[in-house]
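Accompanying notes for the structure given below.
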Amino acid sequence: MNESTEFEYVGFWLRVWASLIDTVLMLIVIFPILFAVYGREELASGVTLSGPANILISYILPAAVVIAFWYARQATPGKMAIGARIVDAKTGAAPSLQQNAIRYVGYFVSTIPLCLGLIWVGIDKRKQGWHDKLAGTVVVRRKNGGTEPVRFEG
């Protein structure tokens with residue numbers, strides 16, 4: 001097992017911060033599109049948006065953007081802001097497109113049972129949520145005083 005003293009696992013609260021940044025940025029992109037498609041009155045009325053446009057804007061677009069960032073940069077803007085990146089848990093290399101897709105779907109698995117799979121990041125020794133475990137990834141950043149060295153199995 002290889003060990004890196006250069007990196008540390010990124011824990012729960014830093015990842016929450018990164019997610020908040022990503023959520024705000026995604027809303028800045030999505031709301032104007034929803035406004036353009038549905039108009040002010042329908043959005044203001046609180047009507048649940050439905051149909052193919054909503055599925056495309058609210059589900060497919062965010063998935064495509066997040067997976068594209070993970071594949072191209074190993075991080076979303078929020079993770080970049082905290083100096084974190086997603087790597088293969090065994091090798092430390094960039095995750096494959098398949099791992100990134102599994103990781104994204106894994107967010108639903110992590111969220112559905114009372115967000116337990118996300119909270120798991122705060123419990124796990126390698127700071128892996130269920131989505132990380134499913135995809136075989138870890139989130140790391142340059143060492144900044146953490147206690148647990150990063151270990152790659154390969």
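All residue names refer to the structure tokens as shown: chains lettered A, B, ... in order, residues numbered from 1 in each chain, ligands numbered from 1 in order.
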Go through segment 60-84 of chain A and flag each residue having an atom no more than 8 Å from segment 89-111 of chain A; for those, report the closest pair of atoms plus their distance in Å to one decimal, using only C-alpha atoms, ordered by chain and rising number, as a tab-separated table.
residue	atom	partner	partner_atom	distance
A:Ala63	CA	A:Tyr104	CA	7.3
A:Ile67	CA	A:Asn100	CA	6.0
A:Trp70	CA	A:Asn100	CA	6.7
A:Tyr71	CA	A:Leu97	CA	6.2
A:Gln74	CA	A:Ala94	CA	6.6
Which residues come within 6 Å of segment 22-36 of chain A, counting only C-alpha atoms, excluding same-chain residues fewer than 3 positions away, as JSON, numbers by chain? {"A": [19, 39, 78]}
For the residues selected in the previous step, produce a file with N, CA and C atoms as a compact mmCIF listing (two decimals), in the first residue's frame.
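Resulting contents of again.txt:
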# COMPACT_ATOMS: atom_id res chain seq x y z
N SER A 19 -19.88 22.07 -1.19
CA SER A 19 -21.22 21.81 -1.74
C SER A 19 -22.08 23.06 -1.74
N GLY A 39 -41.27 31.60 -17.29
CA GLY A 39 -41.81 32.93 -17.04
C GLY A 39 -41.98 33.23 -15.56
N GLY A 78 -16.61 24.37 -6.24
CA GLY A 78 -16.57 24.39 -4.78
C GLY A 78 -15.38 23.62 -4.23
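Comparing the minimum interatomic distances between Val140 of chain A and each of A:Pro77, A:Gly117, A:Gly11, A:Pro52, counting only C-alpha atoms, we find that A:Gly11 sits nearest.
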May I ask for the distance between atom CA of Ile123 of chain A and atom CA of Val139 of chain A, given in Å to one decimal place?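 Taking atom CA of Ile123 of chain A as the start and atom CA of Val139 of chain A as the end point, the length is 14.4 Å.
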With distances taken over only C-alpha atoms, which residue among A:Ala53, A:Val37, A:Leu134, A:Ala18 lies nearest Ala75 of chain A?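 Distance minimum relative to Ala75 of chain A lands on A:Ala18.
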Residue set, segment 3-77 of chain A restricted to alpha helix (DSSP H), as an MDAnalysis selection string: chainID A and resid 12:44 52:55 61:73 77
What is the atom CA of Gly83 of chain A to atom CA of Glu8 of chain A distance in Å?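 According to the coordinates, atom CA of Gly83 of chain A and atom CA of Glu8 of chain A are separated by 11.0 Å.
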When DSSP is applied to the backbone of this structure, which of segment 30-140 of chain A are assigned strand (DSSP E)? Write them out as a compact mmCIF listing (two decimals) with all heavy atoms, in the first residue's frame.
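Contents of the output file out.txt:
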# COMPACT_ATOMS: atom_id res chain seq x y z
N ALA A 84 -9.48 20.98 -3.05
CA ALA A 84 -9.70 19.54 -3.04
C ALA A 84 -9.87 19.00 -4.45
O ALA A 84 -10.22 19.73 -5.37
CB ALA A 84 -10.95 19.22 -2.22
N ARG A 85 -9.60 17.69 -4.58
CA ARG A 85 -9.87 17.01 -5.84
C ARG A 85 -10.24 15.57 -5.56
O ARG A 85 -9.89 15.00 -4.53
CB ARG A 85 -8.70 17.13 -6.79
CG ARG A 85 -7.42 16.52 -6.33
CD ARG A 85 -6.28 16.86 -7.30
NE ARG A 85 -5.03 16.38 -6.78
CZ ARG A 85 -4.30 15.43 -7.35
NH1 ARG A 85 -4.68 14.89 -8.47
NH2 ARG A 85 -3.18 15.04 -6.81
N ILE A 86 -10.94 14.99 -6.51
CA ILE A 86 -11.39 13.62 -6.41
C ILE A 86 -10.38 12.74 -7.13
O ILE A 86 -9.98 13.04 -8.25
CB ILE A 86 -12.78 13.46 -7.07
CG1 ILE A 86 -13.78 14.41 -6.42
CG2 ILE A 86 -13.26 12.02 -7.00
CD1 ILE A 86 -15.01 14.67 -7.26
N VAL A 87 -9.96 11.66 -6.47
CA VAL A 87 -8.99 10.73 -7.07
C VAL A 87 -9.47 9.30 -6.87
O VAL A 87 -10.29 9.01 -6.00
CB VAL A 87 -7.57 10.91 -6.48
CG1 VAL A 87 -7.02 12.31 -6.77
CG2 VAL A 87 -7.54 10.62 -5.00
N ASP A 88 -8.92 8.41 -7.68
CA ASP A 88 -9.17 6.98 -7.54
C ASP A 88 -8.60 6.54 -6.19
O ASP A 88 -7.45 6.85 -5.86
CB ASP A 88 -8.50 6.23 -8.69
CG ASP A 88 -8.75 4.74 -8.61
OD1 ASP A 88 -8.03 4.06 -7.85
OD2 ASP A 88 -9.65 4.25 -9.32
N THR A 137 -13.55 6.12 -4.97
CA THR A 137 -12.86 7.41 -4.99
C THR A 137 -12.63 7.92 -3.57
O THR A 137 -13.30 7.47 -2.63
CB THR A 137 -13.66 8.47 -5.77
OG1 THR A 137 -14.95 8.63 -5.16
CG2 THR A 137 -13.81 8.09 -7.23
N VAL A 138 -11.71 8.86 -3.44
CA VAL A 138 -11.52 9.63 -2.21
C VAL A 138 -11.34 11.09 -2.61
O VAL A 138 -10.95 11.39 -3.74
CB VAL A 138 -10.30 9.17 -1.37
CG1 VAL A 138 -10.55 7.81 -0.75
CG2 VAL A 138 -9.03 9.17 -2.16
N VAL A 139 -11.63 11.98 -1.67
CA VAL A 139 -11.43 13.41 -1.89
C VAL A 139 -10.23 13.83 -1.06
O VAL A 139 -10.19 13.60 0.15
CB VAL A 139 -12.69 14.22 -1.52
CG1 VAL A 139 -12.45 15.71 -1.73
CG2 VAL A 139 -13.89 13.74 -2.34
N VAL A 140 -9.23 14.42 -1.73
CA VAL A 140 -7.99 14.80 -1.06
C VAL A 140 -7.64 16.25 -1.38
O VAL A 140 -8.19 16.85 -2.29
CB VAL A 140 -6.81 13.88 -1.49
CG1 VAL A 140 -7.08 12.43 -1.12
CG2 VAL A 140 -6.52 14.00 -2.99
